[in-house]
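What follows is a short report on a single structure.
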Amino acid sequence: MSTETACCGETSAVAAPAPRERPARLLALLVLGLAGWTTLYLAIEPAAAFLAGRVLGLSAHTRLGSAVAFFLFEAPKVLLLLGIVVFAVGIVRSFFTPERTRALLAGKRESAGNVLAALLGVVTPFCSCSAVPLFLGFVEVGIPLGVTLSFLISAPMVNEVALVLLFGLFGWRVAALYLVTGLVIAVAGGFVLGRLKLERWVEGWVYESLQRATAVYQAERSSFADRVQKGVEAVRDVVGKVWPFVLAGIAVGAFIHGYVPEGLLAGIMGKQAWWSVPLAVAIGVPMYSNAAGIIPVVQALLGKGAALGTVLAFMMSVIGLSLPELIILRKILRPRLIATFVGVVAAGILAVGWLFNAVL
Amino acid sequence: MKIQVLGPGCQRCRTLTANAEKAIQELGVEATVEKVEDVHEIARYRILATPALVIDGQVKSAGRVLSPQEIQALLPG
């Protein structure tokens, strides 16, 4: 077991003994777990059909029957997908501590830096309540403002829970679309914000109080077992927190699925209504729901005639621009910068929404 | 001994504070647990993620919610 890392706030604190498994045994356990997971996953569809049809005696053609069948199938499917992806992401993230990301970004020029920052935003563990220390830490080592903002756009927007839900409920195409457009908005948004020379709207004390530091990064020696441990922790942390939202969201989705008539939303959320995209963004920004709760609802809406671009725009504005994060950032950024930040990101989201409504 | 939890007051910070209190209670050691929510104060510790655990002025972890057992292992003595 490695002992405590030297000084500066490593994410490690490897005090807790990771399970003392031999790598071979751990690997066997993982393979076994994966086999069990696959069996469960394959069993969902017949099990859900059996429960709804035989046990509850509901016909799929009735409203109640179709709502219940939807819930019984989607809920375990999404939870299982969530479990495995969050576990995998937890392991991947054990390779990307914020310290390492900072060291990778330090000294990068703007354009390449924006791209790298957006990509690292996806894999670096981040919680919006850490936005301030992270911002300060980036500024401290001389990472340009625009590059830092690229990171701050992509980190919350492209998140694993959203991707899993999109994949599970809409398929891989929509999930990939979301990933790519989210990254594009982060790169372009950060680049534009960087060009606008907004440094003067950062609170004065930020630059005054920080002396120039160099990004030192000491690689953390983590064993395979430590990383698996991180994966397990992530599952406990994330799935433990979001499952009620997922279930609630799927329940609402199931209701819409069963009871809202087809095509009802085509008029208000369909392709023809150009204003539906800005409306979706306007509603989405102040909303701070867990992505977990919102996506199943949105999926059900899509089935009733809402357009994909509108739906994507709504999703992005809910997760990508959250009010609590903006309030936290207010401590270091002046209102004009925050407004510009929101404006540029919202413009990107609008563009994505309109683009997909036009193309698909 | 002085234990500080750095963070703007989100759920994770509250959990970490509670875990720190539990940790010292179980061990029965003399220690105070203090929550630091002021941004300027947090900035002085040069951390990149919250919540962070500081014991007697030394940053012991950042960005993780440690369990009471993990915190106990970090306590000196």
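Chain identifiers are assigned as A, B, and so on, following the order in which chains appear in the structure tokens; residues are numbered from 1 within each chain, and ligands are numbered from 1 in order of appearance.
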- [ ] Using only C-alpha atoms, select each residue of chain B with any atom at most 8 Å away from an atom of chain A, and give the selection as a list in words.
- [x]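 Putting it all together, I get Gly7, Pro8, Cys10, Val39, Ile42, Ala43, Arg46, Ile47, Leu48, Ala49, Thr50, Pro51, Ala52, Gln58, Val59, Lys60, Ser61, Ala62, Gly63, Arg64, Gln69, Glu70, Ile71, Ala73 and Leu74 of chain B.
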Could you pull out the alpha helix (DSSP H) residues of chain B from DSSP and send them as a CSV table (one decimal) with N, CA and C atoms, in the first residue's frame?
```
chain,number,residue,atom,x,y,z
B,11,GLN,N,-23.2,19.4,-1.4
B,11,GLN,CA,-23.5,18.2,-0.7
B,11,GLN,C,-22.3,17.4,-0.3
B,12,ARG,N,-21.4,17.3,-1.2
B,12,ARG,CA,-20.1,16.5,-1.0
B,12,ARG,C,-19.3,17.1,0.2
B,13,CYS,N,-19.3,18.4,0.3
B,13,CYS,CA,-18.6,19.0,1.4
B,13,CYS,C,-19.2,18.7,2.7
B,14,ARG,N,-20.5,18.7,2.7
B,14,ARG,CA,-21.3,18.4,4.0
B,14,ARG,C,-21.0,17.0,4.4
B,15,THR,N,-21.0,16.1,3.4
B,15,THR,CA,-20.8,14.7,3.8
B,15,THR,C,-19.4,14.5,4.3
B,16,LEU,N,-18.4,15.2,3.7
B,16,LEU,CA,-17.0,15.1,4.2
B,16,LEU,C,-16.9,15.6,5.6
B,17,THR,N,-17.6,16.7,5.9
B,17,THR,CA,-17.5,17.3,7.2
B,17,THR,C,-18.1,16.3,8.3
B,18,ALA,N,-19.2,15.7,7.9
B,18,ALA,CA,-19.9,14.8,8.8
B,18,ALA,C,-19.0,13.6,9.0
B,19,ASN,N,-18.3,13.1,8.0
B,19,ASN,CA,-17.4,12.0,8.1
B,19,ASN,C,-16.2,12.3,9.0
B,20,ALA,N,-15.7,13.5,8.9
B,20,ALA,CA,-14.6,14.0,9.7
B,20,ALA,C,-15.0,14.0,11.2
B,21,GLU,N,-16.2,14.5,11.4
B,21,GLU,CA,-16.7,14.5,12.8
B,21,GLU,C,-16.8,13.1,13.4
B,22,LYS,N,-17.4,12.2,12.5
B,22,LYS,CA,-17.5,10.8,12.9
B,22,LYS,C,-16.2,10.2,13.2
B,23,ALA,N,-15.2,10.5,12.4
B,23,ALA,CA,-13.9,9.9,12.5
B,23,ALA,C,-13.3,10.3,13.9
B,24,ILE,N,-13.3,11.6,14.2
B,24,ILE,CA,-12.7,11.9,15.5
B,24,ILE,C,-13.5,11.4,16.7
B,25,GLN,N,-14.8,11.4,16.5
B,25,GLN,CA,-15.6,10.9,17.6
B,25,GLN,C,-15.3,9.4,17.9
B,26,GLU,N,-15.2,8.6,16.8
B,26,GLU,CA,-14.9,7.2,17.0
B,26,GLU,C,-13.6,7.0,17.7
B,27,LEU,N,-12.6,7.8,17.3
B,27,LEU,CA,-11.2,7.7,17.9
B,27,LEU,C,-11.2,8.3,19.3
B,39,VAL,N,-14.2,31.8,-0.4
B,39,VAL,CA,-13.4,31.5,-1.6
B,39,VAL,C,-12.0,31.9,-1.5
B,40,HIS,N,-11.8,33.1,-0.9
B,40,HIS,CA,-10.4,33.6,-0.8
B,40,HIS,C,-9.6,32.7,0.1
B,41,GLU,N,-10.3,32.3,1.2
B,41,GLU,CA,-9.6,31.4,2.1
B,41,GLU,C,-9.2,30.0,1.4
B,42,ILE,N,-10.2,29.5,0.7
B,42,ILE,CA,-10.0,28.2,0.0
B,42,ILE,C,-8.8,28.4,-1.0
B,43,ALA,N,-8.8,29.5,-1.7
B,43,ALA,CA,-7.8,29.8,-2.7
B,43,ALA,C,-6.4,29.7,-2.1
B,68,PRO,N,-15.1,7.9,7.0
B,68,PRO,CA,-14.5,8.1,8.3
B,68,PRO,C,-13.2,7.3,8.5
B,69,GLN,N,-13.2,6.1,8.0
B,69,GLN,CA,-12.0,5.2,8.2
B,69,GLN,C,-10.8,5.8,7.4
B,70,GLU,N,-11.1,6.3,6.2
B,70,GLU,CA,-10.0,6.9,5.5
B,70,GLU,C,-9.4,8.1,6.2
B,71,ILE,N,-10.3,8.9,6.8
B,71,ILE,CA,-9.9,10.1,7.5
B,71,ILE,C,-9.1,9.7,8.8
B,72,GLN,N,-9.5,8.6,9.5
B,72,GLN,CA,-8.8,8.2,10.6
B,72,GLN,C,-7.4,7.8,10.3
B,73,ALA,N,-7.2,7.1,9.1
B,73,ALA,CA,-5.9,6.7,8.7
B,73,ALA,C,-5.0,7.9,8.4
B,74,LEU,N,-5.6,9.1,8.1
B,74,LEU,CA,-4.8,10.3,7.8
B,74,LEU,C,-4.4,11.0,9.1
```
- [ ] Could you tell me how far atom CA of A:Leu163 lies from atom CA of B:Ser67, in Å and to one decimal?
- [x]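 These atoms are spaced 28.7 Å apart.
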- [ ] Determine which residues of chain B DSSP labels as strand (DSSP E or B) from the backbone of this structure, then write them out as a ChimeraX atom specification.
- [x] /B:2-6,32-36,52-55,58-62
- [ ] In Å, rounded to a single decimal, give me how far atom CA of A:Thr310 is from atom CA of A:Pro156.
- [x]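 Going from atom CA of A:Pro156 over to atom CA of A:Thr310, I get 19.6 Å.
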TODO: In Å, rounded to a single decimal, give me how far atom CA of A:Ala313 is from atom CA of A:Pro278.
DONE: 8.3 Å
Closest-contact table, stretch 15-106 of chain A side, partner stretch 110-117 of chain A, 10 Å, counting only C-alpha atoms, as a Markdown table:
```
| residue | atom | partner | partner_atom | distance |
| --- | --- | --- | --- | --- |
| A:Thr101 | CA | A:Ala117 | CA | 8.2 |
| A:Arg102 | CA | A:Ala117 | CA | 9.2 |
| A:Leu104 | CA | A:Leu116 | CA | 8.6 |
| A:Leu105 | CA | A:Gly113 | CA | 6.5 |
| A:Ala106 | CA | A:Gly113 | CA | 8.7 |
```
